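Heads up, the thing below is written out as structure tokens.
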Amino acid sequence: MQDYEETVSFLGTWGPFQRRVFFLLCLTSIPCGYNILSVIFLLASPPHHCHIPAHSNLSQDWIQASIPVQQVAGQPERSSCSRYELDMLQNLSTSVPGLSPEVLISSLKQEGCKDGWTYSTEYYQSTVVTEFNLVCSDQWKQPLTSLIYFLGGLCGCFISGQLSDRFGRKPILFSAIILLSVFSTAVAFAPSWPVFTVLFFMLGLGQISCYIVVFVLGKELLIGSTRVLFSSLCLPFVYVIAMMLLPGTAYLVTNWRHLSLIMAVPGVACIPFWWLIPESPRWLVSRGRLQEAELLLRSAALENRVEPPHVIFLSSNVEKATSQKVESLSFLDLLRTTNIRLITLMLWLIWFSSSISYFGLSFNMSSLYGNPFLNYFLVSAVEVPAYAVSWLAARSLPRRLSFISFTLLGALALLLIQVTLHSQPALTLALVLLGKFGILAGTGVLYMYTGELSPTVIRNTAMSSCAMFSRVGSSISPYLLQLAAFDQLLPWILVGSLSLLSVLLCVFLPETFRQPLPDTIQQMALTQKFRWPWASMTPPKDDGKLAKDMNTAPEIICTTRL
């Protein structure tokens, strides 16, 4: 809609109206950022062992000895899911008084935790896992609960775009915020695990929907450099700040029900913004509601103290824009020709791998030594420089070189963890943060790269399809932790290997840096058989049309939230 941007250029790019919209929209991203790590803290699984009831009349020494000791990664650990037979322990403790329990019980049979579990309260007073006993034989419910949460996000990603296109950006944005607040509150009163999973699905539905609509609304309300700054730096930055707040809150509030209630507060605080954030005038024009759009723009001009034209939208311009609408293409057109099919399949695999790596890192932080709240705070804080570096790289470096360099850095750091995991906890944490930095910076470049590879006629569909595969990856990521049952290094090796897969696939994608954006499927660049990412590119011939169509890169969101 270049005609639209020329029409509203009288407003400027950084007046009081733009500043108000800019800061309020950034603030509305706080509820969705604050909730994204909720799955980690609500479902935290503290150390536990079989409970020995008080009526067993065992001394403290016998209680300590009743739990078998196992070797885990070369270290002795008390069993989490078994104990020696309690009846036999009681008989031995009374029949042979004074003798050390360890001498007598080594040959006893073991049994399950018939009387429940005793959980460590070092970091958490209670979690969903400890309250509903999602351990041992019910341990499979932990990753399933996370999967359901991310499936909610997958559905939200699919539904929110269609609803906002039909009913408007503003109603869907605040519906998603209300959804977050309502179901964060409802989750706190869940009486059982099945009820909790249903409510948690709805919470995931609102989480991703909120962020998508905030981005789209800001992109349509703002123009020029202000829009670029909002979408690629400031909005993700505020989102990360919100992410960093939750570990601090979870450290202070160790009861999961109280934490869930607090998670509803940011959404409630944003509800008054309904009267301060306008609807998208661009969307109103696209729906033919010209009088509402003009009224909104004249109000913005009054706030900016500029004189609007007598007639903002000429009927001839509207008819021209309508007549130039591109034929709507479907999802299947991403697979129509050989070239777009190859590019699409490679992008789907790259997005899938990047998402698994990102969320797999976040979930696997629980296996590291040290304070979990500090670990999660650091792994969230590292996103700030990652966003800044990816933004700078996207402005001045080739896309393939940027993505491959960042992702390769992250993959190598994660693969080195197998050397330091058990011997150097501090160095292991540093490698995890470096891996997270590389993967996230690479993913930031990937958003812009995908937008530049996709033709205008199907760019939104292409981005949405990649976002869907990203959510599939995040849904699978909780199951990475289950690989640690075979070997504690397996999750890290898999995450690093998937990052290497992304690097390998990117080598075969065409370069788009400083190239004209393709408008049709036929104008898409061809896939490469093999070409080094730092190889020089032959500039396109200037045939007049390409020079006319030379555009700057689209303001594609530079974050991993979709």
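Note on naming: chains are A, B, ... as they come in the structure tokens, residues start from 1 per chain, ligands start from 1 in the order shown.
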If we count only C-alpha atoms and set the cut-off at 12 Å, which residues sit around A:Gly12, ignoring sequence neighbours fewer than 6 positions away in its own chain? Please answer as a ChimeraX atom specification.
/A:5-6,18-19,221-227,297,300-301,303-308
Residues of the last selection are to be written out with all heavy atoms, as a compact mmCIF listing (two decimals), in the first residue's frame.
# COMPACT_ATOMS: atom_id res chain seq x y z
N GLU A 5 0.65 5.02 2.25
CA GLU A 5 1.72 5.67 3.02
C GLU A 5 1.98 7.09 2.52
O GLU A 5 2.29 7.98 3.30
CB GLU A 5 2.99 4.82 2.96
CG GLU A 5 2.79 3.46 3.58
CD GLU A 5 4.08 2.81 4.06
OE1 GLU A 5 5.14 3.44 3.93
OE2 GLU A 5 4.01 1.69 4.58
N GLU A 6 1.86 7.30 1.21
CA GLU A 6 1.99 8.66 0.70
C GLU A 6 0.83 9.52 1.17
O GLU A 6 0.99 10.70 1.48
CB GLU A 6 2.03 8.61 -0.83
CG GLU A 6 3.30 8.00 -1.40
CD GLU A 6 3.25 7.90 -2.91
OE1 GLU A 6 2.21 8.28 -3.49
OE2 GLU A 6 4.25 7.45 -3.50
N GLN A 18 2.46 9.28 17.17
CA GLN A 18 3.32 8.11 16.96
C GLN A 18 4.01 7.68 18.24
O GLN A 18 4.16 6.49 18.51
CB GLN A 18 4.36 8.40 15.87
CG GLN A 18 3.80 8.43 14.47
CD GLN A 18 3.30 9.80 14.06
OE1 GLN A 18 3.24 10.72 14.88
NE2 GLN A 18 2.92 9.95 12.79
N ARG A 19 4.45 8.67 19.04
CA ARG A 19 5.12 8.31 20.29
C ARG A 19 4.17 7.60 21.24
O ARG A 19 4.55 6.62 21.91
CB ARG A 19 5.69 9.57 20.95
CG ARG A 19 6.89 10.16 20.21
CD ARG A 19 7.64 11.14 21.09
NE ARG A 19 6.87 12.35 21.35
CZ ARG A 19 6.88 13.44 20.59
NH1 ARG A 19 7.63 13.47 19.50
NH2 ARG A 19 6.15 14.49 20.89
N LEU A 221 0.20 1.02 11.99
CA LEU A 221 -0.01 2.37 12.51
C LEU A 221 1.20 3.28 12.29
O LEU A 221 1.05 4.49 12.13
CB LEU A 221 -0.32 2.31 14.01
CG LEU A 221 -1.75 1.93 14.40
CD1 LEU A 221 -1.84 1.66 15.89
CD2 LEU A 221 -2.73 3.04 14.01
N LEU A 222 2.39 2.70 12.28
CA LEU A 222 3.63 3.47 12.15
C LEU A 222 4.17 3.34 10.74
O LEU A 222 3.92 2.35 10.05
CB LEU A 222 4.67 2.98 13.16
CG LEU A 222 4.23 2.99 14.63
CD1 LEU A 222 5.24 2.27 15.50
CD2 LEU A 222 4.04 4.42 15.12
N ILE A 223 4.93 4.36 10.30
CA ILE A 223 5.51 4.31 8.96
C ILE A 223 6.97 4.73 9.04
O ILE A 223 7.44 5.29 10.05
CB ILE A 223 4.76 5.24 7.98
CG1 ILE A 223 4.84 6.70 8.44
CG2 ILE A 223 3.33 4.81 7.79
CD1 ILE A 223 4.26 7.68 7.43
N GLY A 224 7.72 4.41 7.98
CA GLY A 224 9.10 4.86 7.86
C GLY A 224 10.03 4.22 8.87
O GLY A 224 9.86 3.09 9.30
N SER A 225 11.03 5.00 9.30
CA SER A 225 12.05 4.50 10.22
C SER A 225 11.47 4.15 11.58
O SER A 225 11.99 3.27 12.28
CB SER A 225 13.16 5.54 10.37
OG SER A 225 12.63 6.76 10.86
N THR A 226 10.39 4.82 11.97
CA THR A 226 9.76 4.51 13.26
C THR A 226 9.23 3.08 13.27
O THR A 226 9.35 2.37 14.27
CB THR A 226 8.61 5.49 13.54
OG1 THR A 226 9.11 6.82 13.45
CG2 THR A 226 8.03 5.26 14.92
N ARG A 227 8.67 2.65 12.16
CA ARG A 227 8.15 1.29 12.08
C ARG A 227 9.28 0.26 12.15
O ARG A 227 9.15 -0.78 12.81
CB ARG A 227 7.36 1.11 10.77
CG ARG A 227 6.84 -0.28 10.56
CD ARG A 227 5.86 -0.34 9.41
NE ARG A 227 6.46 0.09 8.17
CZ ARG A 227 5.75 0.35 7.06
NH1 ARG A 227 4.44 0.26 7.10
NH2 ARG A 227 6.36 0.72 5.96
N LEU A 297 -7.44 9.56 11.41
CA LEU A 297 -6.26 10.28 10.94
C LEU A 297 -6.37 11.77 11.24
O LEU A 297 -5.36 12.42 11.54
CB LEU A 297 -6.06 10.04 9.45
CG LEU A 297 -5.67 8.60 9.06
CD1 LEU A 297 -5.69 8.42 7.55
CD2 LEU A 297 -4.29 8.26 9.61
N ALA A 300 -5.42 12.16 14.78
CA ALA A 300 -3.96 12.06 14.92
C ALA A 300 -3.28 13.35 14.46
O ALA A 300 -2.30 13.80 15.07
CB ALA A 300 -3.44 10.87 14.11
N ALA A 301 -3.80 13.94 13.37
CA ALA A 301 -3.22 15.21 12.89
C ALA A 301 -3.41 16.32 13.91
O ALA A 301 -2.51 17.15 14.12
CB ALA A 301 -3.88 15.59 11.56
N GLU A 303 -3.57 15.88 17.14
CA GLU A 303 -2.63 15.59 18.22
C GLU A 303 -1.21 15.98 17.83
O GLU A 303 -0.44 16.47 18.66
CB GLU A 303 -2.69 14.10 18.58
CG GLU A 303 -1.86 13.71 19.78
CD GLU A 303 -2.06 12.26 20.17
OE1 GLU A 303 -2.99 11.62 19.64
OE2 GLU A 303 -1.28 11.76 21.01
N ASN A 304 -0.86 15.80 16.56
CA ASN A 304 0.48 16.15 16.08
C ASN A 304 0.61 17.62 15.70
O ASN A 304 1.70 18.07 15.32
CB ASN A 304 0.86 15.29 14.87
CG ASN A 304 1.26 13.89 15.25
OD1 ASN A 304 1.33 13.56 16.42
ND2 ASN A 304 1.52 13.06 14.25
N ARG A 305 -0.53 18.35 15.73
CA ARG A 305 -0.56 19.77 15.38
C ARG A 305 -0.10 20.02 13.94
O ARG A 305 0.72 20.88 13.66
CB ARG A 305 0.30 20.59 16.35
CG ARG A 305 -0.19 20.52 17.79
CD ARG A 305 0.66 21.36 18.72
NE ARG A 305 0.17 21.26 20.11
CZ ARG A 305 0.73 21.88 21.14
NH1 ARG A 305 1.81 22.63 20.96
NH2 ARG A 305 0.23 21.73 22.35
N VAL A 306 -0.61 19.19 13.05
CA VAL A 306 -0.37 19.38 11.62
C VAL A 306 -1.71 19.52 10.93
O VAL A 306 -2.76 19.09 11.44
CB VAL A 306 0.42 18.19 11.03
CG1 VAL A 306 1.80 18.10 11.65
CG2 VAL A 306 -0.34 16.88 11.18
N GLU A 307 -1.69 20.14 9.75
CA GLU A 307 -2.92 20.39 9.01
C GLU A 307 -3.15 19.24 8.03
O GLU A 307 -2.34 19.02 7.11
CB GLU A 307 -2.81 21.71 8.25
CG GLU A 307 -4.09 22.12 7.55
CD GLU A 307 -5.20 22.48 8.54
OE1 GLU A 307 -4.88 22.93 9.66
OE2 GLU A 307 -6.38 22.32 8.17
N PRO A 308 -4.24 18.49 8.18
CA PRO A 308 -4.51 17.40 7.23
C PRO A 308 -5.06 17.97 5.92
O PRO A 308 -5.61 19.08 5.89
CB PRO A 308 -5.55 16.56 7.95
CG PRO A 308 -6.28 17.53 8.82
CD PRO A 308 -5.26 18.56 9.24
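Atom CA of A:Leu154 is found 23.7 Å from atom CA of A:Glu220.
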To one decimal place in Å, what is the distance between atom CA of A:Glu279 and atom CA of A:Ile262?
28.8 Å
So that each row is one residue of stretch 186-233 of chain A with an atom at most 7 Å from stretch 143-150 of chain A, can you give its shortest atom pair and the distance in Å to one decimal, using only C-alpha atoms, rows by chain and rising number, as a Markdown table?
| residue | atom | partner | partner_atom | distance |
| --- | --- | --- | --- | --- |
| A:Thr197 | CA | A:Thr145 | CA | 6.0 |
| A:Phe200 | CA | A:Tyr149 | CA | 5.7 |
| A:Phe201 | CA | A:Tyr149 | CA | 4.7 |
| A:Gly204 | CA | A:Tyr149 | CA | 5.0 |
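The neighbours of A:Thr443 here are the residues that come within 10 Å of it, using only C-alpha atoms and leaving out any residue fewer than 5 positions away in the same chain; they are Ile350, Trp351, Ser354, Ser355, Tyr358, Ala386, Tyr387, Ser390, Phe403, Phe406, Thr407, Phe437, Gly438, Met448, Tyr449, Cys558, Thr559 and Thr560 of chain A.
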Go ahead and write the residues just picked, N, CA and C atoms, as a tab-separated table (two decimals), in the first residue's frame.
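Full text of part-v3.tsv as output:
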chain	number	residue	atom	x	y	z
A	350	ILE	N	14.40	-25.44	8.34
A	350	ILE	CA	15.25	-24.52	9.10
A	350	ILE	C	14.48	-23.93	10.27
A	351	TRP	N	13.25	-23.49	10.02
A	351	TRP	CA	12.44	-22.92	11.10
A	351	TRP	C	12.12	-23.97	12.16
A	354	SER	N	15.37	-24.56	14.14
A	354	SER	CA	15.71	-23.41	14.99
A	354	SER	C	14.80	-23.33	16.20
A	355	SER	N	13.51	-23.62	16.00
A	355	SER	CA	12.57	-23.54	17.11
A	355	SER	C	12.85	-24.63	18.15
A	358	TYR	N	15.91	-23.53	20.09
A	358	TYR	CA	15.65	-22.42	21.01
A	358	TYR	C	14.91	-22.89	22.26
A	386	ALA	N	21.54	-10.34	21.54
A	386	ALA	CA	21.32	-11.12	20.32
A	386	ALA	C	20.42	-10.37	19.35
A	387	TYR	N	19.36	-9.74	19.85
A	387	TYR	CA	18.50	-8.94	18.98
A	387	TYR	C	19.25	-7.77	18.37
A	390	SER	N	21.78	-9.07	15.67
A	390	SER	CA	21.11	-9.54	14.45
A	390	SER	C	20.54	-8.37	13.65
A	403	PHE	N	23.34	-15.59	8.90
A	403	PHE	CA	22.63	-16.72	9.53
A	403	PHE	C	23.59	-17.88	9.81
A	406	PHE	N	26.13	-16.98	12.77
A	406	PHE	CA	25.51	-16.98	14.11
A	406	PHE	C	25.11	-18.40	14.53
A	407	THR	N	24.44	-19.12	13.63
A	407	THR	CA	23.94	-20.45	13.98
A	407	THR	C	25.09	-21.42	14.19
A	437	PHE	N	22.74	-17.34	22.43
A	437	PHE	CA	23.00	-16.10	21.70
A	437	PHE	C	23.11	-16.37	20.20
A	438	GLY	N	23.90	-17.38	19.81
A	438	GLY	CA	24.08	-17.67	18.40
A	438	GLY	C	22.80	-18.10	17.71
A	448	MET	N	13.97	-11.98	8.56
A	448	MET	CA	14.12	-11.07	7.43
A	448	MET	C	14.45	-11.84	6.15
A	449	TYR	N	15.31	-12.84	6.26
A	449	TYR	CA	15.71	-13.65	5.11
A	449	TYR	C	14.50	-14.32	4.47
A	558	CYS	N	11.84	-9.41	14.13
A	558	CYS	CA	13.16	-9.98	14.41
A	558	CYS	C	13.15	-10.65	15.79
A	559	THR	N	12.34	-11.67	15.93
A	559	THR	CA	12.23	-12.34	17.23
A	559	THR	C	11.79	-13.77	17.03
A	560	THR	N	11.83	-14.53	18.08
A	560	THR	CA	11.49	-15.95	17.96
A	560	THR	C	10.10	-16.24	18.47
In Å, rounded to a single decimal, give me how far atom CA of A:Leu295 is from atom CA of A:Pro309.
12.4 Å
Best match for closeness to A:Leu203 among A:Thr450, A:Gln291, A:Asn35, A:Ser280, counting only C-alpha atoms:
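Closest to A:Leu203 of all the choices is A:Asn35.
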Would you pick out the contacts of A:Ala54 at 12 Å or less, using only C-alpha atoms, so that residues sharing its chain but fewer than 3 positions from it are not included, and give the list as a list in words?
His51, Asn57, Leu58, Ser59, Gln60, Ile63, Leu86 and Asp115 of chain A
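Of the listed residues (A:Ser357, A:Leu284, A:Cys234, A:Val129), A:Val129 comes nearest to A:Trp256; the distances count only C-alpha atoms.
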Residue nearest A:Ser160 among A:Ile208, A:Val495, A:Val187, A:Leu429 (counting only C-alpha atoms)
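Checking each candidate against A:Ser160, we get A:Ile208 as the closest.
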Please provide the set of residues having any atom within 10 Å of stretch 190-194 of chain A, restricted to only C-alpha atoms, with same-chain residues fewer than 2 positions apart removed, written as a list in words.
Val128, Val129, Glu131, Phe132, Asn133, Leu134, Lys141, Thr145, Thr185, Ala186, Val187, Ala188, Phe196, Thr197, Val198, Leu199, Phe200 and Arg257 of chain A
When you look at A:Tyr119 with a cut-off of 9 Å (counting only C-alpha atoms), what residues show up, excluding the ones that are within fewer than 2 positions of it in the same chain? I need them as a list in words.
Ser45, Pro46, Pro47, His48, His49, Cys50, His51, Trp117, Thr121, Gln125, Ser126 and Thr130 of chain A
Those residues you just picked out, can you put them in a file as a compact mmCIF listing (two decimals), in the first residue's frame with N, CA and C atoms?
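Saved result, selection39.txt, follows:
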# COMPACT_ATOMS: atom_id res chain seq x y z
N SER A 45 10.08 -29.59 38.21
CA SER A 45 10.10 -30.88 38.92
C SER A 45 11.28 -30.89 39.88
N PRO A 46 11.07 -30.56 41.17
CA PRO A 46 12.18 -30.55 42.12
C PRO A 46 12.63 -31.96 42.48
N PRO A 47 13.81 -32.12 43.06
CA PRO A 47 14.26 -33.44 43.50
C PRO A 47 13.26 -34.06 44.48
N HIS A 48 13.09 -35.36 44.40
CA HIS A 48 12.09 -36.03 45.24
C HIS A 48 12.52 -37.46 45.52
N HIS A 49 11.92 -38.04 46.53
CA HIS A 49 12.14 -39.45 46.86
C HIS A 49 10.89 -39.98 47.54
N CYS A 50 10.82 -41.27 47.73
CA CYS A 50 9.64 -41.89 48.33
C CYS A 50 9.42 -41.37 49.75
N HIS A 51 8.16 -41.12 50.05
CA HIS A 51 7.80 -40.66 51.39
C HIS A 51 7.76 -41.84 52.37
N TRP A 117 5.36 -39.08 47.72
CA TRP A 117 6.73 -38.61 47.59
C TRP A 117 6.99 -37.44 48.54
N THR A 121 12.08 -28.57 48.90
CA THR A 121 11.50 -27.22 48.91
C THR A 121 12.59 -26.15 48.87
N GLN A 125 8.09 -24.09 46.73
CA GLN A 125 7.21 -24.59 47.78
C GLN A 125 6.24 -25.61 47.21
N SER A 126 5.69 -25.32 46.05
CA SER A 126 4.82 -26.28 45.35
C SER A 126 4.78 -25.93 43.87
N THR A 130 4.46 -31.28 41.79
CA THR A 130 4.44 -31.77 43.18
C THR A 130 3.01 -31.92 43.70
Excluding A:Asp165 and any residue of its chain fewer than 2 positions from it, enumerate the residues within 12 Å of it, using only C-alpha atoms, and give them as number ranges by chain.
A: 158-163, 167-173, 213, 216-217, 280, 282-284, 286-287
Per DSSP on the backbone, filter stretch 271-304 of chain A down to the residues in helix (DSSP H, G or I) and report them as a ChimeraX atom specification.
/A:271-275,281-286,290-304
So, counting only C-alpha atoms, which residue among A:Leu446, A:Gln139, A:Val389, A:Ile177 is closest to A:Phe273?
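The closest residue to A:Phe273 is A:Ile177.
Using only C-alpha atoms, the shortest contact distance between A:Asn339 and any of A:Ala388, A:Leu453, A:Leu397, A:Val240 is found at A:Leu453.
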Using only C-alpha atoms for the distances, tell me which of A:Ser380, A:Ser396, A:Thr337, A:Ser499 is nearest to A:Ile521.
A:Thr337
